[in-house]
file model37.txt (compact mmCIF, C-alpha atoms)
# COMPACT_ATOMS: atom_id res chain seq x y z
CA MET A 10 21.88 -34.01 -11.41
CA LEU A 11 24.67 -35.87 -9.57
CA ALA A 12 25.42 -34.93 -5.99
CA PRO A 13 29.15 -34.19 -6.61
CA ALA A 14 28.22 -31.82 -9.44
CA GLN A 15 25.74 -30.11 -7.14
CA ARG A 16 28.40 -29.70 -4.48
CA GLN A 17 30.78 -28.26 -7.06
CA ILE A 18 28.19 -25.75 -8.16
CA THR A 19 27.35 -24.75 -4.60
CA ASP A 20 31.04 -24.36 -3.78
CA ALA A 21 31.67 -22.34 -6.91
CA LEU A 22 28.68 -20.10 -6.32
CA SER A 23 29.64 -19.66 -2.64
CA THR A 24 32.96 -18.25 -3.82
CA VAL A 25 31.13 -16.01 -6.29
CA ALA A 26 28.62 -14.93 -3.62
CA ARG A 27 31.38 -14.01 -1.13
CA ASP A 28 33.17 -11.97 -3.78
CA GLY A 29 29.88 -10.37 -4.80
CA ALA A 30 29.10 -9.50 -1.17
CA VAL A 31 32.44 -7.73 -0.73
CA ARG A 32 31.87 -5.74 -3.94
CA ALA A 33 28.28 -4.91 -2.99
CA GLY A 34 29.34 -3.81 0.51
CA ARG A 35 31.95 -1.52 -1.01
CA GLY A 36 29.43 -0.06 -3.46
CA LEU A 37 26.77 0.40 -0.83
CA SER A 38 29.16 1.99 1.67
CA GLY A 39 30.38 4.41 -0.98
CA LEU A 40 26.85 5.35 -1.94
CA MET A 41 25.66 5.80 1.64
CA GLY A 42 28.79 7.46 2.99
CA GLN A 43 28.89 5.00 5.86
CA GLU A 44 30.30 1.54 6.38
CA ILE A 45 27.76 -1.18 5.50
CA ALA A 46 29.09 -4.73 5.44
CA ILE A 47 27.39 -7.58 3.60
CA HIS A 48 27.91 -11.21 4.60
CA VAL A 49 26.67 -14.38 2.95
CA PRO A 50 26.74 -16.93 5.78
CA ASN A 51 24.77 -19.55 3.93
CA VAL A 52 24.68 -20.62 0.30
CA ARG A 53 22.52 -23.60 -0.60
CA LEU A 54 20.41 -25.21 -3.30
CA GLY A 55 16.76 -25.56 -2.44
CA THR A 56 13.19 -26.03 -3.54
CA LYS A 57 10.61 -23.30 -4.00
CA SER A 58 9.18 -24.12 -0.55
CA ASP A 59 12.61 -23.71 1.06
CA ALA A 60 12.97 -20.32 -0.60
CA CYS A 61 9.54 -19.18 0.63
CA ASP A 62 10.21 -20.47 4.15
CA ALA A 63 13.40 -18.41 4.20
CA VAL A 64 11.39 -15.20 3.78
CA GLY A 65 8.53 -16.08 6.12
CA GLY A 66 6.25 -18.48 4.23
CA GLU A 67 4.36 -18.73 0.98
CA GLU A 68 1.80 -15.99 1.60
CA GLN A 69 4.24 -13.60 3.25
CA VAL A 70 4.22 -10.29 1.41
CA VAL A 71 7.78 -9.55 0.44
CA LEU A 72 9.58 -6.53 -0.94
CA GLY A 73 12.49 -6.81 -3.29
CA ALA A 74 13.61 -6.62 -6.85
CA TYR A 75 14.24 -8.86 -9.81
CA LEU A 76 16.96 -8.51 -12.39
CA SER A 77 18.16 -10.82 -15.05
CA MET A 78 21.58 -11.33 -16.46
CA THR A 79 22.20 -11.20 -20.16
CA GLY A 80 25.33 -11.52 -22.25
CA ASP A 81 27.28 -14.73 -22.74
CA ILE A 82 24.73 -16.60 -20.63
CA SER A 83 21.41 -15.72 -19.04
CA GLY A 84 19.84 -16.26 -15.66
CA HIS A 85 17.63 -14.78 -12.98
CA VAL A 86 18.54 -12.89 -9.81
CA MET A 87 16.05 -11.84 -7.15
CA LEU A 88 16.59 -10.16 -3.77
CA LEU A 89 13.68 -10.62 -1.36
CA PHE A 90 12.92 -9.32 2.12
CA PRO A 91 9.96 -9.97 4.39
CA GLU A 92 8.36 -6.50 4.73
CA LYS A 93 9.74 -5.88 8.23
CA ARG A 94 13.31 -6.75 7.17
CA ALA A 95 12.96 -4.53 4.10
CA PHE A 96 12.03 -1.58 6.32
CA GLU A 97 15.03 -2.31 8.56
CA CYS A 98 17.23 -2.30 5.49
CA VAL A 99 15.85 1.07 4.40
CA ASP A 100 16.68 2.41 7.87
CA LEU A 101 20.23 1.03 7.61
CA MET A 102 20.67 2.61 4.20
CA CYS A 103 19.31 5.95 5.32
CA GLY A 104 21.39 5.94 8.50
CA GLN A 105 18.34 6.22 10.72
CA PRO A 106 17.43 4.13 13.79
CA ILE A 107 15.93 0.74 12.93
CA GLY A 108 12.16 0.96 13.33
CA THR A 109 11.87 4.40 11.71
CA THR A 110 10.46 3.08 8.43
CA VAL A 111 7.07 1.39 8.95
CA GLU A 112 5.42 1.35 5.53
CA SER A 113 6.36 0.67 1.94
CA ASP A 114 6.19 4.22 0.66
CA GLU A 115 7.94 5.47 -2.45
CA LEU A 116 11.20 6.18 -0.60
CA ALA A 117 11.30 2.67 0.88
CA LEU A 118 10.60 1.04 -2.48
CA SER A 119 13.22 3.06 -4.31
CA ALA A 120 15.79 2.33 -1.58
CA ILE A 121 15.10 -1.41 -1.89
CA GLY A 122 15.33 -1.15 -5.67
CA GLU A 123 18.72 0.58 -5.39
CA LEU A 124 19.92 -1.99 -2.86
CA ALA A 125 18.86 -4.87 -5.10
CA ASN A 126 20.55 -3.17 -8.02
CA ILE A 127 23.85 -2.95 -6.12
CA VAL A 128 23.71 -6.45 -4.64
CA GLY A 129 22.36 -8.16 -7.77
CA SER A 130 24.79 -6.39 -10.10
CA ALA A 131 27.72 -7.18 -7.79
CA PHE A 132 26.78 -10.85 -7.88
CA VAL A 133 26.40 -10.88 -11.66
CA ASN A 134 29.77 -9.12 -12.10
CA ALA A 135 31.47 -11.50 -9.65
CA LEU A 136 30.01 -14.42 -11.57
CA GLY A 137 31.23 -12.99 -14.87
CA ASP A 138 34.76 -12.57 -13.54
CA TYR A 139 34.79 -16.03 -11.98
CA ALA A 140 33.56 -17.80 -15.11
CA HIS A 141 35.37 -15.47 -17.55
CA LEU A 142 32.12 -14.39 -19.16
CA VAL A 143 30.75 -11.06 -20.28
CA LEU A 144 27.55 -10.58 -18.28
CA HIS A 145 25.25 -7.61 -17.92
CA PRO A 146 22.64 -7.17 -15.22
CA THR A 147 19.35 -5.66 -16.43
CA PRO A 148 17.80 -2.74 -14.51
CA PRO A 149 15.92 -3.99 -11.45
CA VAL A 150 12.13 -4.43 -11.41
CA LEU A 151 10.61 -3.61 -8.01
CA LEU A 152 8.62 -6.42 -6.42
CA ASN A 153 5.96 -6.25 -3.74
CA ASP A 154 3.91 -9.44 -3.76
CA MET A 155 3.29 -12.81 -2.14
CA ALA A 156 6.57 -14.75 -1.84
CA ILE A 157 5.33 -17.90 -3.55
CA ALA A 158 4.01 -16.03 -6.59
CA LEU A 159 7.47 -14.55 -7.19
CA VAL A 160 9.52 -17.66 -6.40
CA GLN A 161 7.16 -19.83 -8.43
CA SER A 162 7.48 -17.62 -11.49
CA VAL A 163 11.27 -17.93 -11.50
CA TYR A 164 10.94 -21.63 -10.71
CA ALA A 165 8.59 -22.15 -13.67
CA GLU A 166 11.08 -20.41 -15.91
CA VAL A 167 14.05 -22.55 -14.88
CA MET A 168 12.01 -25.73 -14.58
CA ALA A 169 10.94 -25.19 -18.16
CA GLN A 170 14.63 -25.65 -18.89
CA SER A 171 15.40 -27.77 -15.79
CA GLY A 172 17.53 -26.36 -12.98
CA ASP A 173 17.79 -25.60 -9.28
CA ILE A 174 17.19 -22.51 -7.20
CA LEU A 175 20.29 -21.21 -5.47
CA MET A 176 19.55 -19.46 -2.20
CA ILE A 177 22.02 -17.06 -0.64
CA ASP A 178 21.25 -15.70 2.83
CA THR A 179 22.43 -12.14 2.74
CA VAL A 180 23.11 -10.18 5.95
CA PHE A 181 23.43 -6.39 5.92
CA GLU A 182 25.25 -4.82 8.83
CA ASP A 183 26.24 -1.35 9.96
CA HIS A 184 27.56 -0.07 13.30
CA SER A 185 24.07 0.04 14.81
CA GLY A 186 22.60 -3.29 13.82
CA GLU A 187 21.93 -5.84 11.14
CA THR A 188 19.15 -7.32 9.05
CA ALA A 189 18.89 -9.98 6.39
CA GLY A 190 17.31 -10.83 3.06
CA LEU A 191 17.44 -13.67 0.60
CA LEU A 192 19.22 -13.52 -2.74
CA ILE A 193 17.85 -16.08 -5.16
CA VAL A 194 19.86 -17.02 -8.20
CA ALA A 195 18.48 -19.31 -10.86
CA PRO A 196 21.14 -19.87 -13.48
CA ASP A 197 20.28 -21.34 -16.82
CA PRO A 198 21.50 -24.91 -17.42
CA GLU A 199 24.19 -23.64 -19.78
CA CYS A 200 25.53 -21.53 -16.93
CA ILE A 201 25.60 -24.55 -14.61
CA ASN A 202 27.72 -26.53 -17.07
CA LEU A 203 30.16 -23.65 -17.34
CA LEU A 204 30.40 -23.37 -13.57
CA VAL A 205 31.05 -27.07 -13.18
CA ARG A 206 33.83 -26.75 -15.73
CA GLU A 207 35.31 -23.73 -13.97
CA ALA A 208 35.07 -25.37 -10.55
CA ALA A 209 36.67 -28.63 -11.68
CA MET B 17 -18.25 -15.03 1.99
CA SER B 18 -19.45 -17.60 4.47
CA THR B 19 -19.73 -16.51 8.07
CA LEU B 20 -18.81 -20.00 9.28
CA VAL B 21 -15.13 -19.28 8.90
CA SER B 22 -14.16 -21.14 12.07
CA ASP B 23 -15.75 -24.38 10.81
CA GLN B 24 -13.97 -24.25 7.51
CA ARG B 25 -11.01 -26.45 6.80
CA ARG B 26 -8.51 -25.01 4.36
CA VAL B 27 -6.88 -27.51 2.04
CA SER B 28 -3.74 -26.15 0.39
CA VAL B 29 -3.33 -27.18 -3.25
CA GLY B 30 0.40 -26.89 -3.96
CA ILE B 31 2.14 -26.39 -7.28
CA GLY B 32 1.34 -29.23 -9.67
CA GLN B 33 -1.27 -30.65 -7.30
CA ILE B 34 -4.98 -31.47 -7.52
CA ALA B 35 -7.63 -31.59 -4.79
CA VAL B 36 -11.24 -32.71 -5.06
CA SER B 37 -13.93 -32.55 -2.40
CA ASN B 38 -17.61 -32.84 -1.63
CA ASP B 39 -17.24 -31.68 1.97
CA PRO B 40 -19.10 -28.36 2.49
CA ASN B 41 -16.69 -27.45 5.30
CA GLU B 42 -13.68 -27.49 3.03
CA VAL B 43 -12.06 -24.59 1.22
CA LEU B 44 -9.57 -25.61 -1.48
CA VAL B 45 -6.82 -23.00 -1.80
CA ALA B 46 -4.07 -22.36 -4.36
CA TYR B 47 -1.80 -19.82 -2.66
CA GLY B 48 0.12 -17.20 -4.60
CA LEU B 49 -0.47 -18.09 -8.23
CA GLY B 50 2.17 -16.13 -10.16
CA SER B 51 2.70 -17.45 -13.66
CA CYS B 52 0.86 -20.58 -12.45
CA VAL B 53 -2.82 -20.97 -13.30
CA GLY B 54 -5.53 -22.30 -11.00
CA VAL B 55 -8.62 -23.99 -12.41
CA SER B 56 -11.69 -24.73 -10.29
CA PHE B 57 -14.52 -27.07 -11.29
CA TYR B 58 -17.78 -27.24 -9.34
CA ASP B 59 -20.78 -29.44 -10.04
CA PRO B 60 -23.91 -28.09 -8.31
CA ALA B 61 -25.81 -31.37 -8.76
CA THR B 62 -23.38 -33.58 -6.83
CA ARG B 63 -21.96 -30.65 -4.82
CA SER B 64 -18.52 -31.88 -5.67
CA GLY B 65 -15.68 -29.77 -6.94
CA GLY B 66 -11.96 -29.56 -7.37
CA LEU B 67 -9.00 -27.29 -7.89
CA VAL B 68 -5.75 -27.75 -9.81
CA HIS B 69 -2.57 -25.62 -9.56
CA VAL B 70 -0.83 -25.78 -12.94
CA LEU B 71 2.87 -24.84 -13.34
CA LEU B 72 3.61 -25.21 -17.05
CA PRO B 73 1.66 -25.17 -20.32
CA ASP B 74 2.45 -28.43 -22.08
CA SER B 75 3.58 -31.93 -21.05
CA GLU B 76 4.79 -32.52 -24.62
CA GLY B 77 3.73 -36.13 -24.32
CA ARG B 78 5.38 -36.85 -20.93
CA VAL B 79 3.47 -39.25 -18.70
CA SER B 80 2.79 -38.26 -15.08
CA ASP B 81 4.56 -40.27 -12.37
CA GLY B 82 1.81 -39.17 -9.98
CA LYS B 83 3.97 -36.80 -7.92
CA GLU B 84 2.69 -33.66 -9.64
CA PRO B 85 -0.47 -34.78 -11.46
CA ALA B 86 -1.35 -31.20 -12.46
CA ARG B 87 2.15 -30.00 -13.36
CA TYR B 88 1.11 -29.29 -16.95
CA ALA B 89 -2.10 -27.73 -18.27
CA ASP B 90 -3.06 -30.84 -20.25
CA TRP B 91 -2.45 -33.18 -17.30
CA GLY B 92 -4.25 -30.92 -14.83
CA VAL B 93 -7.44 -30.32 -16.77
CA ALA B 94 -7.78 -33.99 -17.77
CA ALA B 95 -7.11 -35.17 -14.19
CA LEU B 96 -9.68 -32.79 -12.71
CA LEU B 97 -12.35 -33.75 -15.22
CA GLY B 98 -11.59 -37.44 -14.64
CA GLU B 99 -11.85 -37.14 -10.84
CA LEU B 100 -15.16 -35.29 -10.97
CA THR B 101 -16.85 -37.45 -13.58
CA ARG B 102 -15.82 -40.48 -11.48
CA ARG B 103 -17.72 -38.85 -8.63
CA GLY B 104 -20.82 -38.61 -10.80
CA ALA B 105 -20.51 -35.02 -11.99
CA SER B 106 -21.74 -34.36 -15.50
CA LYS B 107 -19.57 -32.43 -17.89
CA ALA B 108 -22.41 -30.15 -18.97
CA SER B 109 -23.16 -28.82 -15.49
CA LEU B 110 -19.61 -28.00 -14.41
CA VAL B 111 -19.01 -24.41 -13.32
CA ILE B 112 -15.46 -23.59 -14.38
CA LYS B 113 -13.30 -20.71 -13.14
CA VAL B 114 -9.71 -19.88 -14.14
CA ALA B 115 -7.23 -17.49 -12.45
CA GLY B 116 -3.52 -16.67 -12.54
CA GLY B 117 -1.08 -16.51 -15.44
CA ALA B 118 0.43 -13.20 -14.32
CA ALA B 119 3.82 -11.69 -15.19
CA VAL B 120 4.78 -10.95 -11.56
CA LEU B 121 8.37 -10.08 -12.44
CA GLY B 122 7.18 -6.88 -14.04
CA PRO B 123 5.59 -5.75 -17.29
CA ALA B 124 9.07 -5.13 -18.72
CA ASN B 125 9.76 -8.85 -18.38
CA ALA B 126 6.35 -10.03 -19.57
CA GLU B 127 7.71 -10.59 -23.04
CA LYS B 128 10.55 -12.73 -21.71
CA PHE B 129 8.51 -14.53 -19.07
CA LYS B 130 5.80 -15.73 -21.34
CA ILE B 131 4.97 -18.70 -19.16
CA GLY B 132 2.01 -16.96 -17.48
CA ALA B 133 0.37 -16.07 -20.77
CA ARG B 134 1.23 -19.46 -22.27
CA ASN B 135 -0.25 -21.24 -19.25
CA ALA B 136 -3.49 -19.27 -19.54
CA GLU B 137 -3.69 -19.98 -23.24
CA ALA B 138 -2.96 -23.69 -22.77
CA ILE B 139 -5.62 -24.07 -20.07
CA LYS B 140 -8.28 -22.46 -22.24
CA GLU B 141 -7.27 -24.61 -25.18
CA GLN B 142 -7.48 -27.81 -23.09
CA LEU B 143 -10.91 -26.85 -21.77
CA LYS B 144 -12.15 -26.09 -25.26
CA ARG B 145 -10.75 -29.36 -26.58
CA LEU B 146 -12.71 -31.24 -23.93
CA GLY B 147 -15.88 -29.29 -24.72
CA LEU B 148 -15.83 -27.34 -21.44
CA ARG B 149 -16.88 -23.71 -21.12
CA VAL B 150 -15.14 -21.18 -18.86
CA GLY B 151 -17.65 -19.46 -16.57
CA ALA B 152 -15.32 -16.71 -15.37
CA GLU B 153 -11.65 -15.88 -15.51
CA ASP B 154 -9.12 -13.54 -13.91
CA LEU B 155 -5.93 -13.90 -15.93
CA GLY B 156 -2.80 -11.92 -16.74
CA GLY B 157 -1.68 -8.68 -15.10
CA THR B 158 1.40 -8.37 -12.89
CA LYS B 159 0.14 -9.41 -9.43
CA GLY B 160 0.12 -12.80 -7.74
CA ARG B 161 -3.27 -14.25 -6.80
CA THR B 162 -4.61 -16.65 -4.20
CA MET B 163 -7.59 -18.66 -5.47
CA GLU B 164 -10.12 -20.41 -3.22
CA LEU B 165 -12.97 -22.78 -3.98
CA HIS B 166 -15.48 -22.76 -1.09
CA MET B 167 -17.23 -26.11 -1.17
CA ALA B 168 -20.15 -24.85 0.97
CA ALA B 169 -21.68 -22.95 -1.94
CA GLY B 170 -19.32 -23.89 -4.76
CA ARG B 171 -18.07 -20.34 -5.05
CA THR B 172 -14.60 -19.31 -6.18
CA TYR B 173 -12.80 -16.28 -4.74
CA VAL B 174 -9.60 -14.55 -5.83
CA ARG B 175 -7.44 -12.11 -3.88
CA THR B 176 -4.05 -10.43 -4.26
CA ALA B 177 -1.53 -9.27 -1.64
CA ALA B 178 -3.18 -5.84 -1.74
CA SER B 179 -6.86 -6.72 -2.22
CA SER B 180 -9.51 -8.60 -0.27
CA PRO B 181 -11.24 -11.64 -1.79
CA THR B 182 -13.74 -11.06 -4.57
CA GLU B 183 -15.96 -13.69 -6.11
CA LEU B 184 -14.97 -14.83 -9.54
call {"tool": "encode", "arguments": {"input": "model37.txt", "output": "structure tokens"}}
result
Amino acid sequence: MLAPAQRQITDALSTVARDGAVRAGRGLSGLMGQEIAIHVPNVRLGTKSDACDAVGGEEQVVLGAYLSMTGDISGHVMLLFPEKRAFECVDLMCGQPIGTTVESDELALSAIGELANIVGSAFVNALGDYAHLVLHPTPPVLLNDMAIALVQSVYAEVMAQSGDILMIDTVFEDHSGETAGLLIVAPDPECINLLVREAA
Amino acid sequence: MSTLVSDQRRVSVGIGQIAVSNDPNEVLVAYGLGSCVGVSFYDPATRSGGLVHVLLPDSEGRVSDGKEPARYADWGVAALLGELTRRGASKASLVIKVAGGAAVLGPANAEKFKIGARNAEAIKEQLKRLGLRVGAEDLGGTKGRTMELHMAAGRTYVRTAASSPTEL
């Protein structure tokens, strides 16, 4: 792929990610009854190693969720947290001091699933609006596995059709503190062409 | 497992890569096989062995540029057999283990993400085509696996994020 096209895609998806973050923050705040802001300070294309490094390395056990988008186009969306960050996120969502949650019990997993649902769906909806497409996020599948196994499986899927992994650093913040996860988006090639057209 | 852990040198075998060894202090490791499949060969006679980390089922006739010599099942199995026979291993004595091919993005997506199952199928087909018999396998499921070939005794171990290593 040509560098200018890559830059166009990254720029377009940065716009989508920022819009998605605002929507997700609104949804999350409404659900939790407290202000939770979501920022996306960094949007970049990367390799599978880059994605694993961003969540603590290949063998790091991560928590998160996967959802796919269906409709006019298809693609893959995954929100991943190193375990410690996931627990911090659960604390933020539950309005309890960071450090309260220390294990991935049922409550923690369902909170992460809900969070991924809100963030992933917001991104998919923002993308749909941006590219004038009808897109539907699928229900999230909870993930708790080695980072590389998850990233590799999405990578294999898009590499089978050729494509890049888009990595969006996602920061969650409330009045008492902040934590961060990684949103991975792997659009299908058809989606990339559409985005290039929209961004042009 | 060996008690000489401190003397062991771990050699990471990345996606699409191959490693061969006859050094008893080496452990060849494929970390976090999701839909990928790892294949280990060990020849007790020459005490040589190898591990490949396969990403996709079929090269569809593409020729390797050498960067990822085990990217596809057909490339990987042929490359591993070639490397070991060059080192004097005989086809008949190879101990062959296969692991991976999971649907880590959930059973609900297993139907969509068929790559794990297709990889496992392709590996077995390649082995069969080359007249090689699988000694043991740990394939499918929904959990990622790390696969290790310990050159000291030619043993292969598999573990998941939640389980300790067990011999395959």
call {"tool": "atom_distance", "arguments": {"input": "model37.txt", "atom1": "atom CA of Ala158 of chain A", "atom2": "atom CA of Lys83 of chain B"}}
result
20.8 Å
call {"tool": "closest_residue", "arguments": {"input": "model37.txt", "among": "B:Leu155, B:Val29, B:Ala105, B:Val68", "to": "Val120 of chain B", "atoms": "all atoms listed in the file"}}
result
B:Leu155
call {"tool": "interface_residues", "arguments": {"input": "model37.txt", "of": "chain B", "to": "chain A", "cutoff": "6 Å", "atoms": "all atoms listed in the file", "output": "ChimeraX atom specification"}}
result
/B:48-51,160,177
call {"tool": "residues_near_point", "arguments": {"input": "model37.txt", "point": "(-2.2, -14.5, -19.6)", "cutoff": "7 Å", "atoms": "only C-alpha atoms", "output": "mmCIF file with C-alpha atoms, in the frame of the given file"}}
result
data_model
loop_
_atom_site.group_PDB
_atom_site.id
_atom_site.type_symbol
_atom_site.label_atom_id
_atom_site.label_comp_id
_atom_site.auth_asym_id
_atom_site.auth_seq_id
_atom_site.Cartn_x
_atom_site.Cartn_y
_atom_site.Cartn_z
ATOM 1 C CA GLY B 117 -1.080 -16.510 -15.440
ATOM 2 C CA ALA B 118 0.430 -13.200 -14.320
ATOM 3 C CA GLY B 132 2.010 -16.960 -17.480
ATOM 4 C CA ALA B 133 0.370 -16.070 -20.770
ATOM 5 C CA ARG B 134 1.230 -19.460 -22.270
ATOM 6 C CA ALA B 136 -3.490 -19.270 -19.540
ATOM 7 C CA GLU B 137 -3.690 -19.980 -23.240
ATOM 8 C CA LEU B 155 -5.930 -13.900 -15.930
ATOM 9 C CA GLY B 156 -2.800 -11.920 -16.740
#
call {"tool": "residues_around", "arguments": {"input": "model37.txt", "residues": "Val70 of chain B", "least_positions_apart": "2", "cutoff": "9 Å", "atoms": "only C-alpha atoms", "output": "JSON, numbers by chain"}}
result
{"B": [31, 32, 33, 34, 52, 53, 54, 55, 68, 72, 73, 86, 87, 88, 89, 91, 92, 93, 135, 139]}
call {"tool": "atom_distance", "arguments": {"input": "model37.txt", "atom1": "atom CA of Val194 of chain A", "atom2": "atom CA of Thr110 of chain A"}}
result
27.7 Å
call {"tool": "atom_distance", "arguments": {"input": "model37.txt", "atom1": "atom CA of Asp114 of chain A", "atom2": "atom CA of Glu44 of chain A"}}
result
24.9 Å
call {"tool": "residues_around", "arguments": {"input": "model37.txt", "residues": "segment 177-189 of chain A", "least_positions_apart": "3", "cutoff": "6 Å", "atoms": "all atoms listed in the file", "output": "NGL selection string"}}
result
:A and (45-49 or 51-52 or 192)
call {"tool": "residues_near_point", "arguments": {"input": "model37.txt", "point": "(-11.3, -29.2, 7.4)", "cutoff": "9 Å", "atoms": "all atoms listed in the file", "output": "MDAnalysis selection string"}}
result
chainID B and resid 23:27 39 41:43
call {"tool": "write_last_selection", "arguments": {"input": "model37.txt", "atoms": "C-alpha atoms", "output": "short mmCIF file (atom, residue, chain, number, x, y, z; two decimals), in the frame of the given file"}}
result
data_model
loop_
_atom_site.label_atom_id
_atom_site.label_comp_id
_atom_site.auth_asym_id
_atom_site.auth_seq_id
_atom_site.Cartn_x
_atom_site.Cartn_y
_atom_site.Cartn_z
CA ASP B 23 -15.75 -24.38 10.81
CA GLN B 24 -13.97 -24.25 7.51
CA ARG B 25 -11.01 -26.45 6.80
CA ARG B 26 -8.51 -25.01 4.36
CA VAL B 27 -6.88 -27.51 2.04
CA ASP B 39 -17.24 -31.68 1.97
CA ASN B 41 -16.69 -27.45 5.30
CA GLU B 42 -13.68 -27.49 3.03
CA VAL B 43 -12.06 -24.59 1.22
#
call {"tool": "axis_aligned_box", "arguments": {"input": "model37.txt", "around": "segment 21-34 of chain A", "padding_each_side": "6 Å", "output": "JSON"}}
result
{"center_x": 30.7, "center_y": -13.1, "center_z": -3.2, "size_x": 16.9, "size_y": 30.5, "size_z": 19.4}
call {"tool": "residues_around", "arguments": {"input": "model37.txt", "residues": "Ala61 of chain B", "least_positions_apart": "6", "cutoff": "12 Å", "atoms": "all atoms listed in the file", "output": "JSON, numbers by chain"}}
result
{"B": [38, 100, 101, 103, 104, 105, 106, 107, 108, 109, 110, 111, 169, 170]}
call {"tool": "write_last_selection", "arguments": {"input": "model37.txt", "atoms": "C-alpha atoms", "output": "CSV table (one decimal), in the coordinates of the input"}}
result
chain,number,residue,atom,x,y,z
B,38,ASN,CA,-17.6,-32.8,-1.6
B,100,LEU,CA,-15.2,-35.3,-11.0
B,101,THR,CA,-16.8,-37.4,-13.6
B,103,ARG,CA,-17.7,-38.8,-8.6
B,104,GLY,CA,-20.8,-38.6,-10.8
B,105,ALA,CA,-20.5,-35.0,-12.0
B,106,SER,CA,-21.7,-34.4,-15.5
B,107,LYS,CA,-19.6,-32.4,-17.9
B,108,ALA,CA,-22.4,-30.2,-19.0
B,109,SER,CA,-23.2,-28.8,-15.5
B,110,LEU,CA,-19.6,-28.0,-14.4
B,111,VAL,CA,-19.0,-24.4,-13.3
B,169,ALA,CA,-21.7,-23.0,-1.9
B,170,GLY,CA,-19.3,-23.9,-4.8
call {"tool": "residues_around", "arguments": {"input": "model37.txt", "residues": "Leu175 of chain A", "least_positions_apart": "6", "cutoff": "7 Å", "atoms": "all atoms listed in the file", "output": "PyMOL selection string"}}
result
chain A and resi 53-55+193-195
call {"tool": "write_last_selection", "arguments": {"input": "model37.txt", "atoms": "C-alpha atoms", "output": "PDB file, keeping the file's coordinate frame"}}
result
ATOM      1  CA  ARG A  53      22.520 -23.600  -0.600  1.00  0.00           C
ATOM      2  CA  LEU A  54      20.410 -25.210  -3.300  1.00  0.00           C
ATOM      3  CA  GLY A  55      16.760 -25.560  -2.440  1.00  0.00           C
ATOM      4  CA  ILE A 193      17.850 -16.080  -5.160  1.00  0.00           C
ATOM      5  CA  VAL A 194      19.860 -17.020  -8.200  1.00  0.00           C
ATOM      6  CA  ALA A 195      18.480 -19.310 -10.860  1.00  0.00           C
TER       7      ALA A 195
END
call {"tool": "decode", "arguments": {"input": "model37.txt", "residues": "segment 62-75 of chain A", "atoms": "N, CA and C atoms", "output": "PDB file, in the first residue's frame"}}
result
ATOM      1  N   ASP A  62       3.084  -5.376  22.077  1.00  0.00           N
ATOM      2  CA  ASP A  62       3.918  -4.535  22.941  1.00  0.00           C
ATOM      3  C   ASP A  62       3.066  -3.500  23.668  1.00  0.00           C
ATOM      4  N   ALA A  63       2.040  -2.997  22.970  1.00  0.00           N
ATOM      5  CA  ALA A  63       1.186  -1.960  23.543  1.00  0.00           C
ATOM      6  C   ALA A  63       0.370  -2.466  24.734  1.00  0.00           C
ATOM      7  N   VAL A  64       0.197  -3.771  24.843  1.00  0.00           N
ATOM      8  CA  VAL A  64      -0.538  -4.304  26.001  1.00  0.00           C
ATOM      9  C   VAL A  64       0.363  -5.159  26.900  1.00  0.00           C
ATOM     10  N   GLY A  65       1.672  -4.986  26.770  1.00  0.00           N
ATOM     11  CA  GLY A  65       2.577  -5.602  27.737  1.00  0.00           C
ATOM     12  C   GLY A  65       3.366  -6.800  27.248  1.00  0.00           C
ATOM     13  N   GLY A  66       3.318  -7.107  25.945  1.00  0.00           N
ATOM     14  CA  GLY A  66       4.134  -8.197  25.418  1.00  0.00           C
ATOM     15  C   GLY A  66       3.299  -9.392  25.000  1.00  0.00           C
ATOM     16  N   GLU A  67       3.936 -10.254  24.204  1.00  0.00           N
ATOM     17  CA  GLU A  67       3.212 -11.353  23.564  1.00  0.00           C
ATOM     18  C   GLU A  67       2.515 -12.300  24.537  1.00  0.00           C
ATOM     19  N   GLU A  68       3.210 -12.622  25.644  1.00  0.00           N
ATOM     20  CA  GLU A  68       2.646 -13.623  26.551  1.00  0.00           C
ATOM     21  C   GLU A  68       1.785 -13.010  27.642  1.00  0.00           C
ATOM     22  N   GLN A  69       1.720 -11.689  27.669  1.00  0.00           N
ATOM     23  CA  GLN A  69       0.894 -11.000  28.665  1.00  0.00           C
ATOM     24  C   GLN A  69      -0.552 -11.498  28.569  1.00  0.00           C
ATOM     25  N   VAL A  70      -1.095 -11.880  29.705  1.00  0.00           N
ATOM     26  CA  VAL A  70      -2.509 -12.268  29.707  1.00  0.00           C
ATOM     27  C   VAL A  70      -3.339 -10.997  29.711  1.00  0.00           C
ATOM     28  N   VAL A  71      -4.220 -10.899  28.747  1.00  0.00           N
ATOM     29  CA  VAL A  71      -5.037  -9.696  28.614  1.00  0.00           C
ATOM     30  C   VAL A  71      -6.522 -10.034  28.796  1.00  0.00           C
ATOM     31  N   LEU A  72      -7.252  -9.012  29.206  1.00  0.00           N
ATOM     32  CA  LEU A  72      -8.709  -9.121  29.278  1.00  0.00           C
ATOM     33  C   LEU A  72      -9.284  -8.188  28.232  1.00  0.00           C
ATOM     34  N   GLY A  73     -10.415  -8.533  27.700  1.00  0.00           N
ATOM     35  CA  GLY A  73     -11.017  -7.645  26.730  1.00  0.00           C
ATOM     36  C   GLY A  73     -12.183  -8.303  26.052  1.00  0.00           C
ATOM     37  N   ALA A  74     -12.524  -7.787  24.913  1.00  0.00           N
ATOM     38  CA  ALA A  74     -13.641  -8.356  24.169  1.00  0.00           C
ATOM     39  C   ALA A  74     -13.450  -8.122  22.676  1.00  0.00           C
ATOM     40  N   TYR A  75     -14.026  -9.004  21.918  1.00  0.00           N
ATOM     41  CA  TYR A  75     -13.984  -8.917  20.456  1.00  0.00           C
ATOM     42  C   TYR A  75     -15.398  -8.717  19.934  1.00  0.00           C
TER      43      TYR A  75
END
